[in-house]
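Engineer: I'd like to ask you about the structure that follows.
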Amino acid sequence: MASMLLNSMRSCSVSPSWAVRFGARSLSTTAKLQAQVQTKSKKTLARPGMKNIVLVEGVRTPFLLSGTTYADLMPHDLARAALQGLLNSTGIPRDSVDYIIYGTVIQEVKTSNVAREAALGAGFSDKIPAHTVTMACISSNQAMTSAVGLIAAGQCDAVVAGGVEFMSDVPIRHSRKMRKTMLALNKAKTLGQRLSLIGSIRMAHLSPELPAVAEFSTAETMGHSADRLAAAFGVTRVEQDEFALRSHTLAKKAQDEGLLQDVISFKVPGRDIVSKDNGIRPSSMEQMAKLRPAFVKPHGTVTAANSSFLTDGASAVLIMSEEKALAMGYKPKAYLRDFVYVSQDPKDQLLLGPTYGTPKVLERAGLSMSDIDVFEFHEAFAGQIMANLKAMDSDWFAQTYMGRKSKVGTPPMEKFNLWGGSLSLGHPFGATGCRLVTTVAHRLKKEGGQYGLVAACAAGGQGHAMVIEAYPQ
């Protein structure tokens, strides 16, 4: 596939000059956007006989590099902080929520249903059911759409969804042989049996098992896959570094201008109050060029600088039926409209979820790319983003791999991830989806747009896309 893609990409409409145009436009987009984007008067996506489901509020803890200020906490501590922040922001009575759903990827065994533990810790009524979902990097996306489904089905009127990830203290297991020996020791009835089992332990048994960093089905790490994908689409190291620099620069600007309104302050027990993300670090192309490849050595193009970093953080959103929200006196932020989930080959197309999800969700909503005012794509790797943009702009890829007549097209950079993204803000696996949706709602309000689109890839070759509509101001 790689050689086929590379030959095709060289002949398709995405030419090397794309990188030049991208670099020239990327850092001056905000001023252009203010001049170009005005409040739209398009058709609403409301449908007769269907409930309007709204995003009332969205918050998140600051996203921090793992091993820093949150290092001594547990996942439910971060999730609880996000839930308490949501309670403080909305003032909703703690017994007025019908259901709570959280997403997470690497579970802490002591709090496997982290949604329930965090909800109880945050002071929600113990009569409110809560469950935890996992779908890799789109786990909180799944939490939100599950909430939408409960409301659409008439089961609930108000659901809290969110996600949490805690990479500072991941569960590390004994080797399987050691675990079997320890379980057998627990069942041994005589001293002789115990001594025999202890005597069977070898040094190799003491080697620990870390959480998997590779795809189970392919045994390939995501970073290695991203490097191969970038090579297949002819994405250069310079293009990746340019995009990563853009992400950090725009995130720093958004942070300095107070645009990241979803971030709540959090008093970390025994430490200071944390009030902003700590992974935003604009550098220079010269400094980034000094880094060595992180996965495919020595000739790869994916580095620590153009990859998202291991992050601790949690997010939470309040989703309600519009009728219930208005009855309780809330002014919603946005409508949650159509969404899709997609899956494709986890070996060669692991990170192409946005390419597959975007045209499907646009068709479902009856929209085109030109109708979308705000794009927020998950940035796992700069190379992954660039590869998706090139795939979306290729008729050949659409026809050969997606069974479509033509390409969906590339999102305009003046509408794309203008407040930074996962490369700069951080990527707590289970929490990013809520950040994306809340950011779209805030950007639509600030920029005067009507429709936003969220898209994300995930491990397993899966992906998610959702259309969000601004709530009338």
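For the structure tokens, the naming scheme is as follows: chains receive sequential letters (A, B, ...) according to their order of presentation, residues are indexed from 1 within each chain, and ligands are indexed from 1 in presentation order.
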Just list the residues in region 209-288 of chain A DSSP gives strand (DSSP E) on the backbone, as a PyMOL selection string.
Structural biologist: chain A and resi 266-267+273-274
Engineer: Could you name the residues that touch Gly420 (chain A) at 7 Å or less, counting only C-alpha atoms, but leaving out those on the same chain fewer than 5 positions away, as a VMD selection string?
Structural biologist: chain A and resid 247 to 248 250 to 251 425
Engineer: Suppose we keep N, CA and C atoms; can you now write the selection as a PDB file, in the first residue's frame?
Structural biologist:
ATOM      1  N   SER A 247       0.736  24.354  15.970  1.00  0.00           N
ATOM      2  CA  SER A 247      -0.134  23.953  17.070  1.00  0.00           C
ATOM      3  C   SER A 247       0.287  24.624  18.372  1.00  0.00           C
ATOM      4  N   HIS A 248       1.571  24.577  18.694  1.00  0.00           N
ATOM      5  CA  HIS A 248       2.060  25.179  19.936  1.00  0.00           C
ATOM      6  C   HIS A 248       1.918  26.697  19.922  1.00  0.00           C
ATOM      7  N   LEU A 250      -0.293  28.555  18.219  1.00  0.00           N
ATOM      8  CA  LEU A 250      -1.700  28.941  18.342  1.00  0.00           C
ATOM      9  C   LEU A 250      -2.233  28.643  19.741  1.00  0.00           C
ATOM     10  N   ALA A 251      -1.775  27.546  20.345  1.00  0.00           N
ATOM     11  CA  ALA A 251      -2.209  27.227  21.707  1.00  0.00           C
ATOM     12  C   ALA A 251      -1.721  28.278  22.696  1.00  0.00           C
ATOM     13  N   LEU A 425      -1.730  21.159  23.527  1.00  0.00           N
ATOM     14  CA  LEU A 425      -2.543  21.218  24.746  1.00  0.00           C
ATOM     15  C   LEU A 425      -2.394  19.947  25.572  1.00  0.00           C
TER      16      LEU A 425
END
Engineer: With only C-alpha atoms as the counted atoms, please give the residues lying no more than 8 Å from Ala115 (chain A), apart from itself and same-chain residues fewer than 2 positions off, as a ChimeraX atom specification.
Structural biologist: /A:76,79,100-103,113,117-119,130-132
Engineer: Would you write out those residues with all heavy atoms, as a compact mmCIF listing (two decimals), in the first residue's frame?
Structural biologist:
# COMPACT_ATOMS: atom_id res chain seq x y z
N HIS A 76 -9.36 8.72 39.55
CA HIS A 76 -10.66 9.22 40.01
C HIS A 76 -10.52 10.60 40.66
O HIS A 76 -11.51 11.35 40.73
CB HIS A 76 -11.32 8.23 40.97
CG HIS A 76 -10.71 8.19 42.33
ND1 HIS A 76 -9.52 7.55 42.62
CD2 HIS A 76 -11.13 8.74 43.52
CE1 HIS A 76 -9.24 7.69 43.89
NE2 HIS A 76 -10.19 8.40 44.48
N ALA A 79 -10.88 12.91 37.67
CA ALA A 79 -12.27 12.87 37.20
C ALA A 79 -13.20 13.59 38.18
O ALA A 79 -14.11 14.32 37.77
CB ALA A 79 -12.71 11.42 37.01
N ILE A 100 -24.42 9.20 34.47
CA ILE A 100 -23.05 9.68 34.33
C ILE A 100 -22.24 8.62 33.58
O ILE A 100 -22.28 7.44 33.94
CB ILE A 100 -22.40 9.98 35.70
CG1 ILE A 100 -23.16 11.11 36.40
CG2 ILE A 100 -20.92 10.36 35.53
CD1 ILE A 100 -22.74 11.34 37.84
N ILE A 101 -21.53 9.06 32.54
CA ILE A 101 -20.72 8.15 31.71
C ILE A 101 -19.33 8.74 31.56
O ILE A 101 -19.18 9.91 31.20
CB ILE A 101 -21.34 7.93 30.32
CG1 ILE A 101 -22.83 7.59 30.42
CG2 ILE A 101 -20.59 6.83 29.56
CD1 ILE A 101 -23.54 7.56 29.07
N TYR A 102 -18.33 7.92 31.80
CA TYR A 102 -16.95 8.38 31.64
C TYR A 102 -16.19 7.44 30.71
O TYR A 102 -16.47 6.24 30.66
CB TYR A 102 -16.23 8.45 33.00
CG TYR A 102 -15.93 9.87 33.41
CD1 TYR A 102 -16.96 10.72 33.78
CD2 TYR A 102 -14.64 10.37 33.40
CE1 TYR A 102 -16.70 12.03 34.13
CE2 TYR A 102 -14.36 11.68 33.75
CZ TYR A 102 -15.40 12.50 34.11
OH TYR A 102 -15.15 13.81 34.45
N GLY A 103 -15.23 8.01 30.01
CA GLY A 103 -14.35 7.23 29.16
C GLY A 103 -12.95 7.20 29.73
O GLY A 103 -12.49 8.19 30.30
N ASN A 113 -14.52 1.06 37.52
CA ASN A 113 -15.64 1.89 37.06
C ASN A 113 -15.40 3.30 37.59
O ASN A 113 -16.04 3.76 38.54
CB ASN A 113 -16.98 1.34 37.55
CG ASN A 113 -18.16 2.10 36.95
OD1 ASN A 113 -18.00 2.98 36.11
ND2 ASN A 113 -19.36 1.76 37.39
N GLU A 117 -16.93 5.96 40.89
CA GLU A 117 -16.12 6.42 42.01
C GLU A 117 -15.95 7.94 41.99
O GLU A 117 -16.03 8.60 43.03
CB GLU A 117 -14.74 5.75 41.98
CG GLU A 117 -14.78 4.23 41.96
CD GLU A 117 -15.55 3.64 43.11
OE1 GLU A 117 -15.64 4.27 44.19
OE2 GLU A 117 -16.10 2.52 42.95
N ALA A 118 -15.74 8.50 40.81
CA ALA A 118 -15.58 9.95 40.70
C ALA A 118 -16.89 10.67 41.01
O ALA A 118 -16.89 11.73 41.65
CB ALA A 118 -15.10 10.32 39.29
N ALA A 119 -18.00 10.11 40.56
CA ALA A 119 -19.30 10.73 40.82
C ALA A 119 -19.61 10.77 42.31
O ALA A 119 -20.08 11.79 42.84
CB ALA A 119 -20.40 9.99 40.07
N ALA A 130 -23.91 5.12 36.97
CA ALA A 130 -22.73 5.58 36.26
C ALA A 130 -21.97 4.39 35.70
O ALA A 130 -21.84 3.36 36.37
CB ALA A 130 -21.82 6.38 37.20
N HIS A 131 -21.49 4.54 34.48
CA HIS A 131 -20.65 3.47 33.93
C HIS A 131 -19.51 4.06 33.12
O HIS A 131 -19.51 5.23 32.74
CB HIS A 131 -21.47 2.47 33.10
CG HIS A 131 -21.83 2.92 31.72
ND1 HIS A 131 -23.03 3.52 31.42
CD2 HIS A 131 -21.15 2.85 30.55
CE1 HIS A 131 -23.08 3.80 30.12
NE2 HIS A 131 -21.94 3.40 29.57
N THR A 132 -18.51 3.23 32.88
CA THR A 132 -17.28 3.64 32.20
C THR A 132 -17.16 2.91 30.87
O THR A 132 -17.45 1.71 30.79
CB THR A 132 -16.06 3.33 33.08
OG1 THR A 132 -16.20 4.02 34.33
CG2 THR A 132 -14.76 3.78 32.41
Engineer: Closest to Ser370 (chain A) among A:Leu453, A:Leu260, A:Val302, A:Ala431, using only C-alpha atoms?
Structural biologist: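 When distances to Ser370 (chain A) are compared using only C-alpha atoms, the smallest one comes from A:Leu453.
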Engineer: To one decimal in Å, tell me the separation between CA of Ile128 (chain A) and CA of Ile53 (chain A).
Structural biologist: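 Separation of CA of Ile128 (chain A) and CA of Ile53 (chain A): 20.1 Å.
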Engineer: Please return as a PyMOL selection string: the residues of region 208-386 of chain A that backbone DSSP assigns to alpha helix (DSSP H).
Structural biologist: chain A and resi 222-232+237-256+285-289+322-327+353-365+382-386
Engineer: Tell me which protein, DNA and RNA residues are within 7 Å of Ala455 (chain A), counting only C-alpha atoms, leaving out same-chain ones fewer than 6 positions away, and put them as a PyMOL selection string.
Structural biologist: chain A and resi 354+358+376-378+464-466
Engineer: Please produce a file of those selected residues containing all heavy atoms, as a short mmCIF file (atom, residue, chain, number, x, y, z; two decimals), in the first residue's frame.
Structural biologist:
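This is the output file out_39.cif:
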data_model
loop_
_atom_site.label_atom_id
_atom_site.label_comp_id
_atom_site.auth_asym_id
_atom_site.auth_seq_id
_atom_site.Cartn_x
_atom_site.Cartn_y
_atom_site.Cartn_z
N PRO A 354 -10.32 10.36 10.66
CA PRO A 354 -10.93 11.60 10.14
C PRO A 354 -11.25 11.54 8.65
O PRO A 354 -12.26 12.07 8.20
CB PRO A 354 -9.88 12.66 10.45
CG PRO A 354 -9.17 12.14 11.65
CD PRO A 354 -9.09 10.65 11.44
N THR A 358 -15.24 11.96 8.15
CA THR A 358 -15.71 13.28 7.74
C THR A 358 -16.75 13.23 6.62
O THR A 358 -17.84 13.83 6.76
CB THR A 358 -14.52 14.17 7.33
OG1 THR A 358 -13.69 14.38 8.49
CG2 THR A 358 -14.99 15.51 6.80
N GLU A 376 -12.19 20.95 14.30
CA GLU A 376 -11.32 20.54 15.40
C GLU A 376 -11.01 19.06 15.22
O GLU A 376 -11.85 18.20 15.47
CB GLU A 376 -11.98 20.81 16.76
CG GLU A 376 -12.01 22.27 17.17
CD GLU A 376 -10.63 22.84 17.51
OE1 GLU A 376 -9.75 22.05 17.95
OE2 GLU A 376 -10.44 24.05 17.32
N PHE A 377 -9.79 18.78 14.78
CA PHE A 377 -9.33 17.40 14.59
C PHE A 377 -8.34 17.05 15.71
O PHE A 377 -7.52 17.88 16.09
CB PHE A 377 -8.63 17.23 13.25
CG PHE A 377 -9.54 17.10 12.06
CD1 PHE A 377 -10.84 17.59 12.08
CD2 PHE A 377 -9.09 16.50 10.89
CE1 PHE A 377 -11.67 17.48 10.99
CE2 PHE A 377 -9.91 16.38 9.79
CZ PHE A 377 -11.21 16.87 9.82
N HIS A 378 -8.42 15.84 16.18
CA HIS A 378 -7.46 15.35 17.17
C HIS A 378 -6.09 15.20 16.53
O HIS A 378 -5.94 14.55 15.49
CB HIS A 378 -7.94 14.02 17.75
CG HIS A 378 -6.88 13.25 18.47
ND1 HIS A 378 -6.05 13.83 19.41
CD2 HIS A 378 -6.52 11.94 18.38
CE1 HIS A 378 -5.22 12.90 19.86
NE2 HIS A 378 -5.48 11.76 19.26
N HIS A 464 -13.99 8.71 14.80
CA HIS A 464 -15.26 9.34 15.14
C HIS A 464 -15.34 10.70 14.48
O HIS A 464 -14.33 11.39 14.31
CB HIS A 464 -15.37 9.51 16.66
CG HIS A 464 -16.55 10.33 17.10
ND1 HIS A 464 -16.43 11.62 17.56
CD2 HIS A 464 -17.87 10.04 17.14
CE1 HIS A 464 -17.64 12.08 17.87
NE2 HIS A 464 -18.52 11.14 17.63
N ALA A 465 -16.54 11.08 14.07
CA ALA A 465 -16.77 12.43 13.56
C ALA A 465 -18.15 12.89 13.99
O ALA A 465 -19.08 12.08 14.08
CB ALA A 465 -16.66 12.46 12.03
N MET A 466 -18.27 14.16 14.31
CA MET A 466 -19.54 14.73 14.78
C MET A 466 -19.72 16.14 14.26
O MET A 466 -18.76 16.91 14.17
CB MET A 466 -19.59 14.74 16.31
CG MET A 466 -20.81 15.43 16.90
SD MET A 466 -20.77 15.58 18.72
CE MET A 466 -21.38 13.96 19.19
#
Engineer: Leaving out region 206-208 of chain A and any residue of its chain fewer than 2 positions from it, which residues lie within 9 Å of it when counting only C-alpha atoms, given as a ChimeraX atom specification?
Structural biologist: /A:172-175,177-178,201-204,210
Engineer: Any idea what the distance is between CA of Ala46 (chain A) and CA of Lys360 (chain A)?
Structural biologist: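 Distance between the two atoms: 18.3 Å.
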Engineer: Counting only C-alpha atoms, what is within 12 Å of Gly452 (chain A), bar same-chain residues fewer than 5 positions away, as an NGL selection string?
Structural biologist: :A and (334-339 or 358 or 361-362 or 365 or 367-377 or 411 or 415-417 or 436-445 or 447 or 465-471)
Engineer: What is the distance between CA of Asp262 (chain A) and CA of Cys434 (chain A), in Å to one decimal?
Structural biologist: 10.0 Å
